[in-house]
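model-v3.tsv follows; it contains TSV, C-alpha atoms.
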chain	number	residue	atom	x	y	z
Z	122	MET	CA	0.00	0.00	0.00
Z	123	ALA	CA	1.33	3.46	-0.87
Z	124	PRO	CA	2.12	5.74	2.06
Z	125	ALA	CA	-0.69	8.08	3.14
Z	126	ILE	CA	0.46	11.67	2.67
Z	127	HIS	CA	-0.87	14.76	4.44
Z	128	LYS	CA	0.34	18.26	3.73
Z	129	VAL	CA	-0.27	21.01	6.26
Z	130	GLU	CA	0.45	24.71	6.01
Z	131	SER	CA	2.95	26.13	8.49
Z	132	ASP	CA	0.19	27.58	10.62
Z	133	LEU	CA	-0.58	26.24	14.09
Z	134	GLU	CA	-4.26	26.92	13.41
Z	135	LYS	CA	-4.16	24.15	10.77
Z	136	VAL	CA	-2.86	21.43	13.10
Z	137	ALA	CA	-6.26	20.54	14.58
Z	138	GLU	CA	-7.52	19.86	11.06
Z	139	LEU	CA	-4.50	17.63	10.45
Z	140	ALA	CA	-5.21	15.74	13.69
Z	141	ALA	CA	-8.73	14.97	12.46
Z	142	GLN	CA	-7.36	13.76	9.12
Z	143	LEU	CA	-4.81	11.56	10.89
Z	144	ASN	CA	-7.62	9.97	12.84
Z	145	GLU	CA	-9.38	9.06	9.60
Z	146	THR	CA	-6.18	7.74	8.05
Z	147	CYS	CA	-5.45	5.53	11.06
Z	148	ALA	CA	-8.99	4.14	10.88
Z	149	GLU	CA	-8.59	3.45	7.15
Z	150	LEU	CA	-5.31	1.65	7.84
Z	151	GLY	CA	-7.03	-0.47	10.50
Z	152	ILE	CA	-4.91	0.90	13.36
Z	153	ASP	CA	-6.53	0.43	16.77
Z	154	GLN	CA	-7.64	3.43	18.81
Z	155	ALA	CA	-4.89	3.35	21.44
Z	156	SER	CA	-2.14	3.20	18.82
Z	157	ALA	CA	-3.89	5.90	16.77
Z	158	ILE	CA	-4.06	8.23	19.77
Z	159	THR	CA	-0.35	7.81	20.49
Z	160	LEU	CA	0.48	8.39	16.84
Z	161	GLU	CA	-1.67	11.52	16.70
Z	162	ILE	CA	0.02	12.87	19.83
Z	163	CYS	CA	3.50	12.32	18.38
Z	164	ILE	CA	2.70	13.61	14.89
Z	165	VAL	CA	1.06	16.76	16.29
Z	166	GLU	CA	4.14	17.42	18.44
Z	167	ALA	CA	6.46	16.94	15.46
Z	168	VAL	CA	4.38	19.20	13.20
Z	169	ASN	CA	4.14	21.85	15.94
Z	170	ASN	CA	7.93	21.74	16.25
Z	171	ALA	CA	8.38	22.13	12.50
Z	172	ILE	CA	6.04	25.12	12.41
Z	173	GLU	CA	7.42	26.77	15.54
Z	174	HIS	CA	11.13	26.05	15.20
Z	175	ALA	CA	11.94	25.17	11.58
Z	176	TYR	CA	9.68	27.86	10.11
Z	177	GLY	CA	9.69	30.21	13.10
Z	178	ARG	CA	5.87	30.37	12.84
Z	179	ARG	CA	6.13	31.95	9.39
Z	180	THR	CA	3.10	30.95	7.35
Z	181	GLY	CA	3.23	30.09	3.65
Z	182	ASN	CA	5.35	26.95	4.01
Z	183	LEU	CA	4.45	23.29	4.06
Z	184	VAL	CA	4.98	20.40	6.43
Z	185	GLU	CA	4.50	16.99	4.85
Z	186	VAL	CA	3.44	14.00	6.91
Z	187	SER	CA	3.77	10.49	5.53
Z	188	LEU	CA	2.39	7.31	7.15
Z	189	ASP	CA	3.67	4.04	5.73
Z	190	LEU	CA	2.26	0.82	7.19
Z	191	ARG	CA	4.59	-2.14	6.65
Z	192	GLY	CA	2.91	-5.15	8.27
Z	193	THR	CA	2.37	-3.99	11.82
Z	194	LYS	CA	5.21	-1.46	11.66
Z	195	LEU	CA	4.14	2.10	10.98
Z	196	VAL	CA	6.81	4.45	9.69
Z	197	VAL	CA	6.05	8.15	9.99
Z	198	GLU	CA	8.05	10.87	8.25
Z	199	ILE	CA	7.62	14.58	8.94
Z	200	CYS	CA	9.37	16.79	6.38
Z	201	ASP	CA	9.94	20.53	6.29
Z	202	THR	CA	12.27	22.85	4.41
Z	203	GLY	CA	12.92	25.31	7.22
Z	204	THR	CA	15.84	25.75	9.59
Z	205	ALA	CA	17.33	22.42	10.61
Z	206	MET	CA	17.25	21.30	14.21
Z	207	GLN	CA	20.53	21.81	16.05
Z	208	ALA	CA	22.85	18.81	16.03
Z	209	GLY	CA	22.51	16.82	19.21
Z	210	ARG	CA	19.08	18.22	20.03
Z	211	LEU	CA	17.36	14.89	19.34
Z	212	ASP	CA	19.90	12.92	21.36
Z	213	ALA	CA	19.51	15.30	24.29
Z	214	ALA	CA	15.71	15.29	24.27
Z	215	CYS	CA	14.18	13.29	27.08
Z	216	LEU	CA	11.28	13.29	29.46
Z	217	ALA	CA	13.24	13.78	32.63
Z	218	VAL	CA	11.92	12.12	35.74
Z	219	HIS	CA	10.74	15.02	37.82
Z	220	ASP	CA	10.52	15.34	41.55
Z	221	MET	CA	6.91	14.44	42.26
Z	222	GLU	CA	6.96	16.48	45.45
Z	223	ASP	CA	8.45	19.57	43.81
Z	224	VAL	CA	5.95	21.06	41.39
Z	225	SER	CA	8.39	23.78	40.40
Z	226	SER	CA	10.62	21.14	38.77
Z	227	TRP	CA	7.96	20.31	36.16
Z	228	PRO	CA	8.53	21.87	32.74
Z	229	GLU	CA	5.92	24.04	31.08
Z	230	ARG	CA	7.30	23.53	27.57
Z	231	GLY	CA	9.85	21.59	25.54
Z	232	MET	CA	8.36	18.16	26.17
Z	233	GLY	CA	7.42	17.30	22.57
Z	234	LEU	CA	10.58	15.64	21.28
Z	235	GLY	CA	11.07	13.70	24.51
Z	236	MET	CA	7.51	12.43	24.24
Z	237	ILE	CA	8.13	11.19	20.71
Z	238	LYS	CA	11.33	9.41	21.79
Z	239	ASP	CA	9.53	7.83	24.72
Z	240	ALA	CA	6.54	6.63	22.74
Z	241	MET	CA	8.20	5.42	19.54
Z	242	ASP	CA	10.52	2.47	18.91
Z	243	GLU	CA	12.90	4.41	16.70
Z	244	VAL	CA	13.45	8.12	16.00
Z	245	GLN	CA	15.86	9.62	13.46
Z	246	TYR	CA	16.45	13.14	12.17
Z	247	THR	CA	18.23	13.96	8.94
Z	248	THR	CA	18.71	16.95	6.67
Z	249	THR	CA	19.35	16.31	2.98
Z	250	HIS	CA	19.39	18.95	0.25
Z	251	GLY	CA	17.51	21.41	2.46
Z	252	VAL	CA	14.81	18.97	3.50
Z	253	ASN	CA	14.58	18.15	7.21
Z	254	LYS	CA	13.08	14.76	7.93
Z	255	LEU	CA	12.02	13.48	11.33
Z	256	MET	CA	11.35	9.76	10.97
Z	257	PHE	CA	9.87	7.63	13.70
Z	258	SER	CA	8.38	4.19	13.77
Z	259	THR	CA	6.38	1.96	16.06
Z	260	HIS	CA	4.53	-1.32	15.95
Z	261	VAL	CA	0.78	-0.81	15.97
Z	262	LYS	CA	-2.16	-3.02	16.79
Z	263	LEU	CA	-4.43	-3.61	13.82
Z	264	VAL	CA	-8.14	-4.25	13.98
Z	265	PRO	CA	-9.99	-6.10	11.21
Z	266	SER	CA	-11.60	-3.75	8.73
Z	267	PRO	CA	-15.41	-3.92	8.49
Z	268	CYS	CA	-15.05	-5.39	4.98
Z	269	ALA	CA	-12.84	-8.23	6.24
Z	270	VAL	CA	-15.27	-9.00	9.06
Z	271	GLU	CA	-18.19	-9.02	6.63
Z	272	ALA	CA	-16.36	-11.34	4.20
Z	273	ALA	CA	-15.52	-13.77	6.98
Z	274	THR	CA	-19.12	-14.10	8.19
A	222	MET	CA	-10.08	31.15	25.18
A	223	ASP	CA	-13.54	31.29	26.64
A	224	ILE	CA	-13.64	29.64	30.07
A	225	GLN	CA	-16.61	29.22	32.41
A	226	PHE	CA	-15.62	29.85	36.03
A	227	GLU	CA	-17.61	28.62	39.01
A	228	GLU	CA	-16.64	29.72	42.49
A	229	ARG	CA	-17.62	27.27	45.20
A	230	GLN	CA	-17.31	27.29	48.97
A	231	TYR	CA	-14.16	26.47	50.85
A	232	GLY	CA	-11.72	27.82	48.30
A	233	VAL	CA	-12.86	25.70	45.37
A	234	LEU	CA	-12.72	26.98	41.80
A	235	VAL	CA	-14.16	24.94	38.93
A	236	LEU	CA	-13.26	26.05	35.45
A	237	GLN	CA	-14.47	24.64	32.18
A	238	PRO	CA	-12.64	25.61	28.96
A	239	GLN	CA	-15.09	26.01	26.10
A	240	ALA	CA	-12.69	24.99	23.32
A	241	ALA	CA	-12.21	21.52	21.82
A	242	ARG	CA	-8.43	21.51	22.12
A	243	LEU	CA	-5.91	22.69	24.69
A	244	ASP	CA	-3.00	23.15	22.35
A	245	ALA	CA	-0.37	25.50	20.98
A	246	VAL	CA	-3.14	27.74	19.59
A	247	SER	CA	-5.48	27.91	22.58
A	248	SER	CA	-3.04	27.58	25.49
A	249	PRO	CA	-1.87	31.22	25.60
A	250	GLY	CA	-5.50	32.33	25.95
A	251	PHE	CA	-6.14	29.66	28.53
A	252	ARG	CA	-3.20	30.88	30.64
A	253	LEU	CA	-4.22	34.50	30.22
A	254	SER	CA	-7.79	33.85	31.37
A	255	ALA	CA	-7.22	31.20	34.03
A	256	LEU	CA	-4.03	32.19	35.84
A	257	PRO	CA	-5.32	35.50	37.30
A	258	ARG	CA	-8.27	33.61	38.85
A	259	ILE	CA	-6.23	31.02	40.74
A	260	ALA	CA	-5.05	33.05	43.73
A	261	GLY	CA	-6.90	32.34	46.96
A	262	HIS	CA	-8.10	28.86	46.00
A	263	SER	CA	-7.01	25.64	47.62
A	264	LEU	CA	-8.61	23.34	45.04
A	265	VAL	CA	-8.89	24.05	41.34
A	266	VAL	CA	-10.84	21.60	39.19
A	267	VAL	CA	-10.50	21.83	35.42
A	268	ASP	CA	-13.55	20.31	33.77
A	269	LEU	CA	-12.45	19.04	30.35
A	270	ALA	CA	-15.92	17.89	29.24
A	271	LYS	CA	-15.88	20.16	26.17
A	272	MET	CA	-12.39	19.08	25.10
A	273	THR	CA	-11.25	16.27	22.86
A	274	ALA	CA	-7.46	16.61	22.71
A	275	ALA	CA	-4.38	18.48	23.88
A	276	ASP	CA	-0.70	18.75	23.08
A	277	SER	CA	2.41	19.33	25.19
A	278	THR	CA	1.86	23.10	25.12
A	279	GLY	CA	-1.58	22.52	26.60
A	280	LEU	CA	-0.14	20.31	29.30
A	281	GLY	CA	2.39	23.05	30.00
A	282	ALA	CA	-0.53	25.39	30.64
A	283	LEU	CA	-1.95	22.94	33.18
A	284	VAL	CA	1.46	22.74	34.87
A	285	ALA	CA	1.52	26.55	35.02
A	286	LEU	CA	-1.90	26.44	36.67
A	287	LEU	CA	-0.66	23.89	39.19
A	288	LYS	CA	2.35	26.06	40.02
A	289	ALA	CA	0.09	29.09	40.55
A	290	ILE	CA	-2.04	27.41	43.21
A	291	PRO	CA	-0.96	28.55	46.67
A	292	GLY	CA	1.17	26.05	48.62
A	293	GLY	CA	-0.66	22.93	49.71
A	294	GLY	CA	-3.44	23.42	47.17
A	295	HIS	CA	-4.47	20.96	44.49
A	296	LEU	CA	-5.24	20.88	40.79
A	297	ARG	CA	-7.57	18.12	39.64
A	298	LEU	CA	-9.02	17.26	36.26
A	299	ALA	CA	-12.54	16.06	35.55
A	300	CYS	CA	-14.19	14.49	32.51
A	301	VAL	CA	-10.83	13.90	30.86
A	302	PRO	CA	-11.12	12.61	27.27
A	303	VAL	CA	-9.18	9.50	26.36
A	304	ALA	CA	-6.68	11.39	24.18
A	305	ILE	CA	-5.73	13.72	27.04
A	306	ARG	CA	-5.49	10.78	29.47
A	307	ALA	CA	-3.03	9.16	27.05
A	308	LEU	CA	-1.00	12.37	26.86
A	309	MET	CA	-0.95	12.69	30.66
A	310	ALA	CA	0.26	9.11	30.99
A	311	LEU	CA	2.92	9.55	28.32
A	312	THR	CA	4.40	12.58	30.08
A	313	ARG	CA	3.82	11.06	33.56
A	314	LEU	CA	1.90	14.18	34.48
A	315	ASP	CA	-0.85	11.84	35.69
A	316	HIS	CA	1.35	11.24	38.75
A	317	VAL	CA	1.01	14.84	39.91
A	318	ILE	CA	-2.40	15.88	38.53
A	319	ARG	CA	-5.18	13.43	39.34
A	320	SER	CA	-8.03	12.79	36.93
A	321	PHE	CA	-11.64	12.01	37.85
A	322	ASP	CA	-14.66	10.91	35.86
A	323	THR	CA	-16.87	13.78	37.06
A	324	VAL	CA	-16.54	17.19	38.67
A	325	ASP	CA	-18.25	15.88	41.82
A	326	ALA	CA	-15.73	13.06	42.06
A	327	ALA	CA	-12.91	15.57	41.65
A	328	LEU	CA	-14.31	17.65	44.50
A	329	GLY	CA	-14.29	14.47	46.56
A	330	ASP	CA	-13.66	14.97	50.24
A	331	HIS	CA	-12.53	18.56	49.92
A	332	ALA	CA	-14.00	20.41	52.90
A	333	GLY	CA	-17.59	21.30	52.28
A	334	ALA	CA	-17.56	20.22	48.64

Take the structure in the file and give it back as structure tokens.
Amino acid sequence: MAPAIHKVESDLEKVAELAAQLNETCAELGIDQASAITLEICIVEAVNNAIEHAYGRRTGNLVEVSLDLRGTKLVVEICDTGTAMQAGRLDAACLAVHDMEDVSSWPERGMGLGMIKDAMDEVQYTTTHGVNKLMFSTHVKLVPSPCAVEAAT
Amino acid sequence: MDIQFEERQYGVLVLQPQAARLDAVSSPGFRLSALPRIAGHSLVVVDLAKMTAADSTGLGALVALLKAIPGGGHLRLACVPVAIRALMALTRLDHVIRSFDTVDAALGDHAGA
């Protein structure tokens, strides 16, 4: 099956619309709800990062999201043509274990990349010929499509 | 962001955001509207019944709310949609902000609630 492609303008206002489209795509691919929610969370974070950091919130650019289901492995690629992420930023990103008793130690921002690393099996970032690509993958649970269920009964 | 505020006895404030998402778009407005109302309350309940999803910026706004509550006070969430529960679990924020099925359950044994 060819990868599902979504293109979103570099405008944070457009991300909610993308999230709804991702939901539909996950359903079409037969991905179960829990996996779909995690994927949506991670893709939204990655697209937000591209809009905020790569494009500096400048509108008029595109972020491309590709979802490629290979068996039960879903490979997601988020591409932009803005400013590349600093070297080492991905390696350094983590969801630090905070002091549960010390509320002031909890961050109010900068959690997105750490969340993606925590939730996904593999995360890579590359820049080639001006295109920045954040790739991450995870194994998803698949549910039988309604057509398959109908054919089997 | 439009937020409904309900003052209750014994230092309880219930607030219900009227937007569908607590995200990078809506969070600045949420902070702007909610933070000035926090002072003087010992329990703040955020009713997420109208919401469907959030992102890390939205969670950051909840953390800001938690930090603004005077020492010893609590922030609790009610009617949390499944997508926000998943986000809370992923970031481990569910360890410091408790979620409840209803506003009444969130008020729980708080004095006079």

Please, which residues of chain A lie no more than 7 Å from chain Z when the count uses all atoms listed in the file, and can they be set out as a PDB file with C-alpha atoms, in the frame of the given file?
ATOM      1  CA  ALA A 245      -0.370  25.500  20.980  1.00  0.00           C
ATOM      2  CA  VAL A 246      -3.140  27.740  19.590  1.00  0.00           C
ATOM      3  CA  ASP A 276      -0.700  18.750  23.080  1.00  0.00           C
ATOM      4  CA  SER A 277       2.410  19.330  25.190  1.00  0.00           C
ATOM      5  CA  THR A 278       1.860  23.100  25.120  1.00  0.00           C
ATOM      6  CA  GLY A 281       2.390  23.050  30.000  1.00  0.00           C
ATOM      7  CA  ALA A 282      -0.530  25.390  30.640  1.00  0.00           C
ATOM      8  CA  VAL A 284       1.460  22.740  34.870  1.00  0.00           C
ATOM      9  CA  ALA A 285       1.520  26.550  35.020  1.00  0.00           C
ATOM     10  CA  LYS A 288       2.350  26.060  40.020  1.00  0.00           C
ATOM     11  CA  ALA A 304      -6.680  11.390  24.180  1.00  0.00           C
ATOM     12  CA  LEU A 311       2.920   9.550  28.320  1.00  0.00           C
ATOM     13  CA  THR A 312       4.400  12.580  30.080  1.00  0.00           C
ATOM     14  CA  VAL A 317       1.010  14.840  39.910  1.00  0.00           C
TER      15      VAL A 317
END

message = So the first atom is CA of Thr193 in chain Z and the second is CA of Lys238 in chain Z; what is the distance between them in Å, to one decimal place?
response =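 Between CA of Thr193 in chain Z and CA of Lys238 in chain Z the gap works out to 19.0 Å.
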
message = Just the number, please: distance in Å from CA of Pro302 in chain A to CA of Ser320 in chain A, one decimal.
response = 10.1 Å

request  = Identify the residues around (-16.9, 29.2, 42.1) within a radius of 12 Å, measuring from only C-alpha atoms in the coordinates stated by the file, and give them as number ranges by chain.
outcome  = A: 225-237, 258-259, 261-267, 334

Write a file of the selected residues as an mmCIF file, in the coordinates of the input, keeping C-alpha atoms.
data_model
loop_
_atom_site.group_PDB
_atom_site.id
_atom_site.type_symbol
_atom_site.label_atom_id
_atom_site.label_comp_id
_atom_site.auth_asym_id
_atom_site.auth_seq_id
_atom_site.Cartn_x
_atom_site.Cartn_y
_atom_site.Cartn_z
ATOM 1 C CA GLN A 225 -16.610 29.220 32.410
ATOM 2 C CA PHE A 226 -15.620 29.850 36.030
ATOM 3 C CA GLU A 227 -17.610 28.620 39.010
ATOM 4 C CA GLU A 228 -16.640 29.720 42.490
ATOM 5 C CA ARG A 229 -17.620 27.270 45.200
ATOM 6 C CA GLN A 230 -17.310 27.290 48.970
ATOM 7 C CA TYR A 231 -14.160 26.470 50.850
ATOM 8 C CA GLY A 232 -11.720 27.820 48.300
ATOM 9 C CA VAL A 233 -12.860 25.700 45.370
ATOM 10 C CA LEU A 234 -12.720 26.980 41.800
ATOM 11 C CA VAL A 235 -14.160 24.940 38.930
ATOM 12 C CA LEU A 236 -13.260 26.050 35.450
ATOM 13 C CA GLN A 237 -14.470 24.640 32.180
ATOM 14 C CA ARG A 258 -8.270 33.610 38.850
ATOM 15 C CA ILE A 259 -6.230 31.020 40.740
ATOM 16 C CA GLY A 261 -6.900 32.340 46.960
ATOM 17 C CA HIS A 262 -8.100 28.860 46.000
ATOM 18 C CA SER A 263 -7.010 25.640 47.620
ATOM 19 C CA LEU A 264 -8.610 23.340 45.040
ATOM 20 C CA VAL A 265 -8.890 24.050 41.340
ATOM 21 C CA VAL A 266 -10.840 21.600 39.190
ATOM 22 C CA VAL A 267 -10.500 21.830 35.420
ATOM 23 C CA ALA A 334 -17.560 20.220 48.640
#

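What separates CA of Gln207 in chain Z from CA of Leu160 in chain Z is a distance of 24.1 Å.
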
Kindly provide, as AutoDock Vina command-line options, the centre and edge lengths (Å, one decimal) of an axis-aligned box around all atoms of range 247-250 of chain Z given in the file, with 8 Å on each side.
--center_x 18.8 --center_y 16.5 --center_z 4.6 --size_x 17.2 --size_y 21.0 --size_z 24.7

key: Residues within 8 Å of range 252-262 of chain Z, all atoms listed in the file, excluding chain neighbours under 6 positions, as an NGL selection string   = :Z and (152-153 or 156 or 167 or 193-203 or 205 or 241-246)

Can you write just those residues out, C-alpha atoms, as an mmCIF file, keeping the file's coordinate frame?
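Result file is again-v2.cif:
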data_model
loop_
_atom_site.group_PDB
_atom_site.id
_atom_site.type_symbol
_atom_site.label_atom_id
_atom_site.label_comp_id
_atom_site.auth_asym_id
_atom_site.auth_seq_id
_atom_site.Cartn_x
_atom_site.Cartn_y
_atom_site.Cartn_z
ATOM 1 C CA ILE Z 152 -4.910 0.900 13.360
ATOM 2 C CA ASP Z 153 -6.530 0.430 16.770
ATOM 3 C CA SER Z 156 -2.140 3.200 18.820
ATOM 4 C CA ALA Z 167 6.460 16.940 15.460
ATOM 5 C CA THR Z 193 2.370 -3.990 11.820
ATOM 6 C CA LYS Z 194 5.210 -1.460 11.660
ATOM 7 C CA LEU Z 195 4.140 2.100 10.980
ATOM 8 C CA VAL Z 196 6.810 4.450 9.690
ATOM 9 C CA VAL Z 197 6.050 8.150 9.990
ATOM 10 C CA GLU Z 198 8.050 10.870 8.250
ATOM 11 C CA ILE Z 199 7.620 14.580 8.940
ATOM 12 C CA CYS Z 200 9.370 16.790 6.380
ATOM 13 C CA ASP Z 201 9.940 20.530 6.290
ATOM 14 C CA THR Z 202 12.270 22.850 4.410
ATOM 15 C CA GLY Z 203 12.920 25.310 7.220
ATOM 16 C CA ALA Z 205 17.330 22.420 10.610
ATOM 17 C CA MET Z 241 8.200 5.420 19.540
ATOM 18 C CA ASP Z 242 10.520 2.470 18.910
ATOM 19 C CA GLU Z 243 12.900 4.410 16.700
ATOM 20 C CA VAL Z 244 13.450 8.120 16.000
ATOM 21 C CA GLN Z 245 15.860 9.620 13.460
ATOM 22 C CA TYR Z 246 16.450 13.140 12.170
#

note = Nearest to Cys300 in chain A, restricted to all atoms listed in the file and choosing among A:Ile224, A:Ala260, A:Arg319, A:Arg313, comes out as A:Arg319

key: Residue with smallest distance to Ser254 in chain A - pool A:Ala326, A:Met222, A:Leu314, A:Leu269, counting all atoms listed in the file   = A:Met222
